[in-house]
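**Q** Structure below; questions to follow.
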Amino acid sequence: MDNKTGVNRSNVYKIISVAAIGIVAFTFAFPLYWIITGSFKTATAINATTPQWFPSEWVMDNYGKLFSRQVAPLWEIHVPFTDVSFAGPEMPAAMRWLVNTVFMAVASMILTCITSAMAGYALAKKRFIGRTVVFTLIVCAMALPKQVILIPLLREMSSLNLYNTIWAVIFPIVGWPFGVFLMKQFAEGIPGEMMEAARIDGAGEWKTFYTIALPLIKPGIGALAIFTFINSWNDYFMQLIMLSSTDTLTISLGIAKLQAENATDFGLIMAGAALASIPIIIIFLMFQKYFTKGITMGAVKG
């Protein structure tokens with residue numbers, strides 16, 4: 001009888017847990033569903049008093065307006081610290097905004113993972129004068145709001161001729177203190193015996209890092225990749241300050257511009273928001289395994 005009671009209680013807990021998770025998942029997924037379906041609705045359906053939970057008529061007019069508003073080169077690469085640039089063919093401005101944002105987020109993600117992994121490894125496994133002071137400064141920098149360093153950062157980007165280029169948004173993210181902090185915590189778990197064995201076998205510093213340390217901190221790099229991509233993608237404040245011309249806008253700034261120009265055209269705004277959500281969903285699905293593993297490993301390590 002006691003066993004049956006225990007089994008019944010376990011089943012009840014499972015049902016309640018699944019129901020709670022389902023409610024939470026629905027709550028978070030519904031805005032995305034509403035944006036995607038709304039982008040295919042007519043203006044009448046969007047503005048109707050009684051909401052249509054599922055479009056009765058699927059239209060592509062909103063995407064047609066999104067891709068016909070303005071034109072810009074599909075890509076334009078500025079060589080850092082110079083006035084040299086290479087432009088691509090003329091395309092709808094919305095595609096240019098999306099290309100700008102994807103390039104910004106991917107470049108920030110790659111550069112941040114590389115620099116943070118090397119810095120975290122050095123702080124965790126190397127003994128040098130001032131190591132504790134450097135790490136303390138990094139931890140303190142994590143609590144420093146961006147608004148505090150905005151003016152010096154803006155002056156620095158202007159002096160380097162990077163203002164109003166996509167690099168002005170990329171480089172400040174690369175020096176992300178949280179990335180160094182996260183990688184240091186993962187690098188602390190690398191067994192010293194493995195590194196010593198590699199050195200005895202004749203491996204140099206770079207080979208030791210690449211063959212021993214890097215595979216062991218890969219889950220942390222996966223988690224950092226997602227964090228950096230999302231942080232870069234959603235950094236509206238820095239994008240607003242550093243970018244101004246139509247050719248350099250990101251998708252977030254472009255949608256804000258469309259909203260200012262078309263205050264009542266919710267279909268157009270939803271089409272832009274749906275377009276902006278595609279890359280970040282793809283990146284999350286690609287790195288989901290590393291993200292989950294990185295979070296659980298961090299939790300176990302305390």
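Convention: chains lettered A, B, ... in structure tokens order; per-chain residue numbering from 1; ligands numbered from 1 as shown.
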Which residues of range 141-161 of chain A come within 10 Å of range 173-183 of chain A, and for each one, what is the closest pair of atoms and their distance in Å to one decimal, counting only C-alpha atoms, sorted by chain and residue number, as a Markdown table?
**A**
| residue | atom | partner | partner_atom | distance |
| --- | --- | --- | --- | --- |
| A:Ala141 | CA | A:Pro177 | CA | 6.4 |
| A:Met142 | CA | A:Pro177 | CA | 5.6 |
| A:Ala143 | CA | A:Pro177 | CA | 9.4 |
| A:Leu144 | CA | A:Pro177 | CA | 9.9 |
**Q** Name the residues of range 136-236 of chain A that come out as helix (DSSP H, G or I) in a backbone DSSP run; write them as an MDAnalysis selection string.
**A** chainID A and resid 136:142 146:159 167:174 177:187 192:200 205:216 218:233 236
**Q** To one decimal place in Å, what is the distance between CA of Met104 in chain A and CA of Leu243 in chain A?
**A**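 Going from CA of Met104 in chain A over to CA of Leu243 in chain A covers 12.1 Å.
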**Q** Which residues come within 10 Å of Glu76 in chain A, counting only C-alpha atoms, excluding same-chain residues fewer than 4 positions away, as number ranges by chain?
**A** A: 72, 85-89, 96, 99-100, 165-166, 247-248
**Q** Restrict the selected residues to C-alpha atoms and save them as a short mmCIF file (atom, residue, chain, number, x, y, z; two decimals), in the first residue's frame.
**A**
data_model
loop_
_atom_site.label_atom_id
_atom_site.label_comp_id
_atom_site.auth_asym_id
_atom_site.auth_seq_id
_atom_site.Cartn_x
_atom_site.Cartn_y
_atom_site.Cartn_z
CA ALA A 72 21.48 49.68 -49.80
CA SER A 85 35.81 49.72 -48.00
CA PHE A 86 34.36 47.15 -50.39
CA ALA A 87 30.67 47.31 -51.32
CA GLY A 88 28.35 44.63 -52.71
CA PRO A 89 25.29 44.80 -54.99
CA ARG A 96 21.53 44.84 -45.43
CA VAL A 99 23.61 41.05 -42.84
CA ASN A 100 25.09 43.79 -40.64
CA THR A 165 31.10 51.38 -38.80
CA ILE A 166 30.12 47.94 -37.60
CA ASP A 247 23.98 51.42 -44.58
CA THR A 248 25.34 50.63 -41.11
#
**Q** Quick check, in Å to one decimal: how far apart do CA of Leu154 in chain A and CA of Val71 in chain A lie?
**A**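 About the pair CA of Leu154 in chain A and CA of Val71 in chain A: they are 28.1 Å apart.
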**Q** Given the choices A:Ser10, A:Phe287, A:Met242, A:Thr115, which gets closest to Ala223 in chain A if the distance is worked out from only C-alpha atoms?
**A**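 Closest candidate: A:Phe287.
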**Q** Within 10 Å of Ala168 in chain A, counting only C-alpha atoms, which residues show up once you throw out same-chain ones fewer than 6 positions away? Write them as a list in words, please.
**A**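 My reading of the contact set: Pro80, Met104, Leu153, Leu154, Glu156, Met157, Ser158, Leu160, Asn161, Leu162, Met238, Gln239, Ile241, Met242 and Leu243 of chain A.
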**Q** Using backbone DSSP assignments, extract all strand (DSSP E or B) residues from range 9-233 of chain A; output them as a short mmCIF file (atom, residue, chain, number, x, y, z; two decimals) with N, CA, C and O atoms, in the first residue's frame.
**A**
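Output below, filename selection-v4.cif:
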data_model
loop_
_atom_site.label_atom_id
_atom_site.label_comp_id
_atom_site.auth_asym_id
_atom_site.auth_seq_id
_atom_site.Cartn_x
_atom_site.Cartn_y
_atom_site.Cartn_z
N VAL A 71 16.84 50.85 -50.39
CA VAL A 71 17.86 49.97 -50.93
C VAL A 71 19.22 50.39 -50.37
O VAL A 71 19.43 51.54 -49.99
N ALA A 72 20.13 49.43 -50.30
CA ALA A 72 21.48 49.68 -49.80
C ALA A 72 22.36 48.54 -50.31
O ALA A 72 21.85 47.48 -50.69
N PRO A 73 23.68 48.72 -50.33
CA PRO A 73 24.57 47.60 -50.71
C PRO A 73 24.37 46.43 -49.77
O PRO A 73 24.23 46.62 -48.56
N GLU A 76 29.10 45.79 -47.11
CA GLU A 76 30.13 46.82 -47.28
C GLU A 76 31.16 46.63 -46.18
O GLU A 76 30.89 46.90 -45.01
N ILE A 77 32.32 46.14 -46.54
CA ILE A 77 33.36 45.82 -45.57
C ILE A 77 34.32 46.99 -45.44
O ILE A 77 34.92 47.43 -46.42
N HIS A 78 34.42 47.51 -44.23
CA HIS A 78 35.37 48.58 -43.93
C HIS A 78 36.62 47.96 -43.31
O HIS A 78 36.53 47.23 -42.33
N SER A 85 37.01 50.53 -48.15
CA SER A 85 35.81 49.72 -48.00
C SER A 85 35.48 49.04 -49.32
O SER A 85 35.87 49.51 -50.39
N PHE A 86 34.77 47.92 -49.22
CA PHE A 86 34.36 47.15 -50.39
C PHE A 86 32.86 46.94 -50.30
O PHE A 86 32.37 46.39 -49.31
N ALA A 87 32.13 47.36 -51.34
CA ALA A 87 30.67 47.31 -51.32
C ALA A 87 30.16 46.22 -52.25
O ALA A 87 30.79 45.89 -53.26
N GLU A 90 23.38 46.27 -54.86
CA GLU A 90 22.25 46.94 -54.22
C GLU A 90 21.15 45.92 -53.91
O GLU A 90 20.77 45.12 -54.76
N MET A 91 20.65 45.97 -52.68
CA MET A 91 19.59 45.08 -52.23
C MET A 91 18.65 45.85 -51.32
O MET A 91 18.95 46.99 -50.93
N PRO A 92 17.49 45.27 -50.95
CA PRO A 92 16.63 45.94 -49.96
C PRO A 92 17.38 46.22 -48.67
O PRO A 92 18.19 45.41 -48.22
#
**Q** What does the structure give for the distance between CA of Leu224 in chain A and CA of Thr112 in chain A, in Å to one decimal?
**A**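 Separating CA of Leu224 in chain A from CA of Thr112 in chain A is a distance of 8.4 Å.
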**Q** Out of A:Glu196, A:Glu205, A:Glu57, A:Glu188, which residue has the shortest atom-to-atom distance to Ser39 in chain A when counting only C-alpha atoms?
**A**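 For Ser39 in chain A, the nearest of the candidates is A:Glu57.
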**Q** Calculated over only C-alpha atoms, which of the candidates A:Ala94, A:Ala48, A:Phe30, A:Phe135 has the smallest distance to Ala256 in chain A?
**A**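 Distance minimum relative to Ala256 in chain A lands on A:Ala94.
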**Q** Nearest to Leu240 in chain A: which of A:Ala20, A:Val59, A:Val169, A:Ala43 is it, counting only C-alpha atoms?
**A**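 Closest to Leu240 in chain A, using only C-alpha atoms: A:Val169.
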**Q** Which residues come within 12 Å of Ala93 in chain A, counting only C-alpha atoms, excluding same-chain residues fewer than 5 positions away, as a list in words?
**A**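 Listed by chain and then number, they are Lys65, Leu66, Phe67, Ser68, Arg69, Gln70, Val71, Ala72, Pro73, Leu74, Trp75, Leu98, Val99, Asn100, Ser245, Thr246, Asp247, Thr248, Leu249, Thr250, Ile251, Leu253, Gly254, Ile255, Lys257, Leu258 and Gly272 of chain A.
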**Q** Hey, what's within 10 Å of Met60 in chain A if we count only C-alpha atoms and toss same-chain stuff fewer than 4 positions away? As a list in words, please?
**A** Ser39, Phe40, Lys41, Thr42, Gly64, Lys65, Gly267 and Ala271 of chain A
**Q** Write out as number ranges by chain which residues come within 6 Å of Ile217 in chain A when counting only C-alpha atoms, dropping same-chain ones fewer than 3 positions away.
**A** A: 186, 214, 220
**Q** Restricted to N, CA, C and O atoms, what would the selected residues look like written as a PDB file, in the first residue's frame?
**A**
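After the write, again.pdb holds the following:
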ATOM      1  N   PHE A 186      36.111  27.686 -15.874  1.00  0.00           N
ATOM      2  CA  PHE A 186      36.213  26.389 -16.536  1.00  0.00           C
ATOM      3  C   PHE A 186      37.661  25.912 -16.585  1.00  0.00           C
ATOM      4  O   PHE A 186      37.936  24.722 -16.427  1.00  0.00           O
ATOM      5  N   LEU A 214      41.892  23.451 -24.546  1.00  0.00           N
ATOM      6  CA  LEU A 214      40.742  23.850 -25.358  1.00  0.00           C
ATOM      7  C   LEU A 214      39.648  22.790 -25.409  1.00  0.00           C
ATOM      8  O   LEU A 214      38.461  23.118 -25.237  1.00  0.00           O
ATOM      9  N   GLY A 220      32.218  25.288 -21.938  1.00  0.00           N
ATOM     10  CA  GLY A 220      32.168  26.693 -21.524  1.00  0.00           C
ATOM     11  C   GLY A 220      32.220  27.627 -22.708  1.00  0.00           C
ATOM     12  O   GLY A 220      31.555  28.668 -22.718  1.00  0.00           O
TER      13      GLY A 220
END
